[in-house]
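To start, the structure under review is shown below, and the notes come after it.
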Amino acid sequence: MRRVMDRKLFLWLMLLVAWVFIVRCLSGCSVGKDDGGKVRDLEFTVVGDAEVPAELMKTIEEKKGSNFKLTFSDGQGLYIVNGYGEQPSGGYSICVDALYLTENSIVIDTELKGPESSEEAGTEKSYPYIVVKTEYLEEPVVFQ
């Protein structure tokens, strides 16, 4: 009699585990995933040092020696910063190739461009970074 009860309990536990597994797999399929599809482009402004909030500027100064990516919000706008770390000379520029909203995130794509060969780059090291200001959104930022 006890052996029959143990088998029934074991069978019920196995069915429960199978049911939980099936439900977890099926619910994972129904979760909306960000396919990276652009919902819309975001308007932005490249912000000069004088217009960067003091708290953000302090963080940039601390991190500028190495590559960094960060965001900052003052409640009215979203600041997106991409720093390229120490470079051997001056003359570098940064282009914003894309800034857009997807269903689940904000995507930014920037590119560091080196000094042109005809340009006087100088011999001092530089720490190029870009600060972009856009509308305040709560979605996470994805750097590409």
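As shown in the structure tokens, the chain order sets the letters A, B, ...; within each chain, residues go from 1, and ligands are also counted from 1 in the order they appear.
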Q. What's the 7 Å shell around Pro128 (chain A), counting only C-alpha atoms, without same-chain residues fewer than 3 positions away, as a list in words?
A. Gly83, Tyr84, Gly85 and Tyr92 of chain A
Output all heavy atoms of each residue in that selection to a file, as a PDB file, in the first residue's frame.
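Result file is part_16.pdb:
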ATOM      1  N   GLY A  83      32.484  58.387 -24.428  1.00  0.00           N
ATOM      2  CA  GLY A  83      33.873  58.822 -24.382  1.00  0.00           C
ATOM      3  C   GLY A  83      34.779  57.764 -24.973  1.00  0.00           C
ATOM      4  O   GLY A  83      34.578  56.574 -24.754  1.00  0.00           O
ATOM      5  N   TYR A  84      35.791  58.195 -25.697  1.00  0.00           N
ATOM      6  CA  TYR A  84      36.681  57.272 -26.393  1.00  0.00           C
ATOM      7  C   TYR A  84      38.048  57.139 -25.733  1.00  0.00           C
ATOM      8  O   TYR A  84      38.969  56.563 -26.310  1.00  0.00           O
ATOM      9  CB  TYR A  84      36.819  57.696 -27.862  1.00  0.00           C
ATOM     10  CG  TYR A  84      35.566  57.382 -28.647  1.00  0.00           C
ATOM     11  CD1 TYR A  84      34.511  58.276 -28.706  1.00  0.00           C
ATOM     12  CD2 TYR A  84      35.427  56.159 -29.288  1.00  0.00           C
ATOM     13  CE1 TYR A  84      33.361  57.983 -29.406  1.00  0.00           C
ATOM     14  CE2 TYR A  84      34.276  55.852 -29.998  1.00  0.00           C
ATOM     15  CZ  TYR A  84      33.244  56.766 -30.058  1.00  0.00           C
ATOM     16  OH  TYR A  84      32.101  56.455 -30.751  1.00  0.00           O
ATOM     17  N   GLY A  85      38.187  57.657 -24.540  1.00  0.00           N
ATOM     18  CA  GLY A  85      39.429  57.470 -23.798  1.00  0.00           C
ATOM     19  C   GLY A  85      40.585  58.290 -24.335  1.00  0.00           C
ATOM     20  O   GLY A  85      40.417  59.179 -25.166  1.00  0.00           O
ATOM     21  N   TYR A  92      40.745  64.738 -33.263  1.00  0.00           N
ATOM     22  CA  TYR A  92      39.700  63.723 -33.396  1.00  0.00           C
ATOM     23  C   TYR A  92      38.328  64.381 -33.378  1.00  0.00           C
ATOM     24  O   TYR A  92      38.134  65.424 -32.759  1.00  0.00           O
ATOM     25  CB  TYR A  92      39.784  62.711 -32.253  1.00  0.00           C
ATOM     26  CG  TYR A  92      40.958  61.771 -32.379  1.00  0.00           C
ATOM     27  CD1 TYR A  92      42.201  62.131 -31.888  1.00  0.00           C
ATOM     28  CD2 TYR A  92      40.821  60.538 -32.994  1.00  0.00           C
ATOM     29  CE1 TYR A  92      43.288  61.296 -32.008  1.00  0.00           C
ATOM     30  CE2 TYR A  92      41.900  59.688 -33.118  1.00  0.00           C
ATOM     31  CZ  TYR A  92      43.136  60.073 -32.622  1.00  0.00           C
ATOM     32  OH  TYR A  92      44.197  59.229 -32.757  1.00  0.00           O
TER      33      TYR A  92
END
Q) Which residues in region 25-115 of chain A does DSSP call helix (DSSP H, G or I)? List them as JSON, numbers by chain. A) {"A": [25, 26, 27, 28, 29, 30, 49, 50, 51, 54, 55, 56, 57, 58, 59, 60, 61, 62, 63]}
Expected file: the selected residues, C-alpha atoms, as a PDB file, in the first residue's frame:
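This is the output file part03.pdb:
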ATOM      1  CA  CYS A  25       8.605  27.798 -22.115  1.00  0.00           C
ATOM      2  CA  LEU A  26       5.313  28.994 -23.554  1.00  0.00           C
ATOM      3  CA  SER A  27       5.297  32.225 -21.563  1.00  0.00           C
ATOM      4  CA  GLY A  28       8.840  32.932 -22.731  1.00  0.00           C
ATOM      5  CA  CYS A  29       7.585  32.840 -26.301  1.00  0.00           C
ATOM      6  CA  SER A  30       4.899  35.399 -25.628  1.00  0.00           C
ATOM      7  CA  ASP A  49      31.055  71.763 -22.119  1.00  0.00           C
ATOM      8  CA  ALA A  50      29.507  75.047 -20.923  1.00  0.00           C
ATOM      9  CA  GLU A  51      25.994  73.596 -21.260  1.00  0.00           C
ATOM     10  CA  ALA A  54      27.996  70.355 -13.387  1.00  0.00           C
ATOM     11  CA  GLU A  55      27.319  66.925 -11.860  1.00  0.00           C
ATOM     12  CA  LEU A  56      27.618  65.251 -15.257  1.00  0.00           C
ATOM     13  CA  MET A  57      30.759  67.217 -16.140  1.00  0.00           C
ATOM     14  CA  LYS A  58      32.407  66.036 -12.922  1.00  0.00           C
ATOM     15  CA  THR A  59      31.671  62.389 -13.854  1.00  0.00           C
ATOM     16  CA  ILE A  60      33.032  62.931 -17.382  1.00  0.00           C
ATOM     17  CA  GLU A  61      36.261  64.390 -15.985  1.00  0.00           C
ATOM     18  CA  GLU A  62      36.680  61.354 -13.720  1.00  0.00           C
ATOM     19  CA  LYS A  63      36.102  58.833 -16.521  1.00  0.00           C
TER      20      LYS A  63
END
Q: Find the spatial neighbours of Ile80 (chain A), counting only C-alpha atoms, within a cut-off of 10 Å - ignore same-chain residues fewer than 5 positions away - and output them as a list in words.
A: Phe44, Val46, Val47, Lys69, Leu70, Thr71, Phe72, Ser73, Ile108, Ile130, Val131, Val132, Lys133, Thr134, Val141 and Phe143 of chain A
Okay, now the selection with C-alpha atoms, as a short mmCIF file (atom, residue, chain, number, x, y, z; two decimals), in the first residue's frame?
data_model
loop_
_atom_site.label_atom_id
_atom_site.label_comp_id
_atom_site.auth_asym_id
_atom_site.auth_seq_id
_atom_site.Cartn_x
_atom_site.Cartn_y
_atom_site.Cartn_z
CA PHE A 44 19.13 65.74 -30.44
CA VAL A 46 25.35 68.03 -29.31
CA VAL A 47 26.05 69.86 -26.07
CA LYS A 69 29.38 55.30 -21.86
CA LEU A 70 26.86 56.92 -19.56
CA THR A 71 23.50 58.59 -19.35
CA PHE A 72 22.27 61.42 -17.17
CA SER A 73 18.88 63.04 -16.72
CA ILE A 108 22.80 55.49 -30.22
CA ILE A 130 30.49 63.59 -27.08
CA VAL A 131 27.49 64.72 -25.05
CA VAL A 132 24.13 64.44 -26.79
CA LYS A 133 20.94 65.87 -25.31
CA THR A 134 17.54 64.56 -26.35
CA VAL A 141 20.11 53.33 -23.79
CA PHE A 143 25.30 51.99 -27.34
#
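With CA of Cys95 (chain A) on one side and CA of Leu42 (chain A) on the other, the separation reads 15.3 Å.
Distance check against Thr45 (chain A) using only C-alpha atoms: of A:Val81, A:Val107, A:Met14, A:Val142, the minimum falls on A:Val81.
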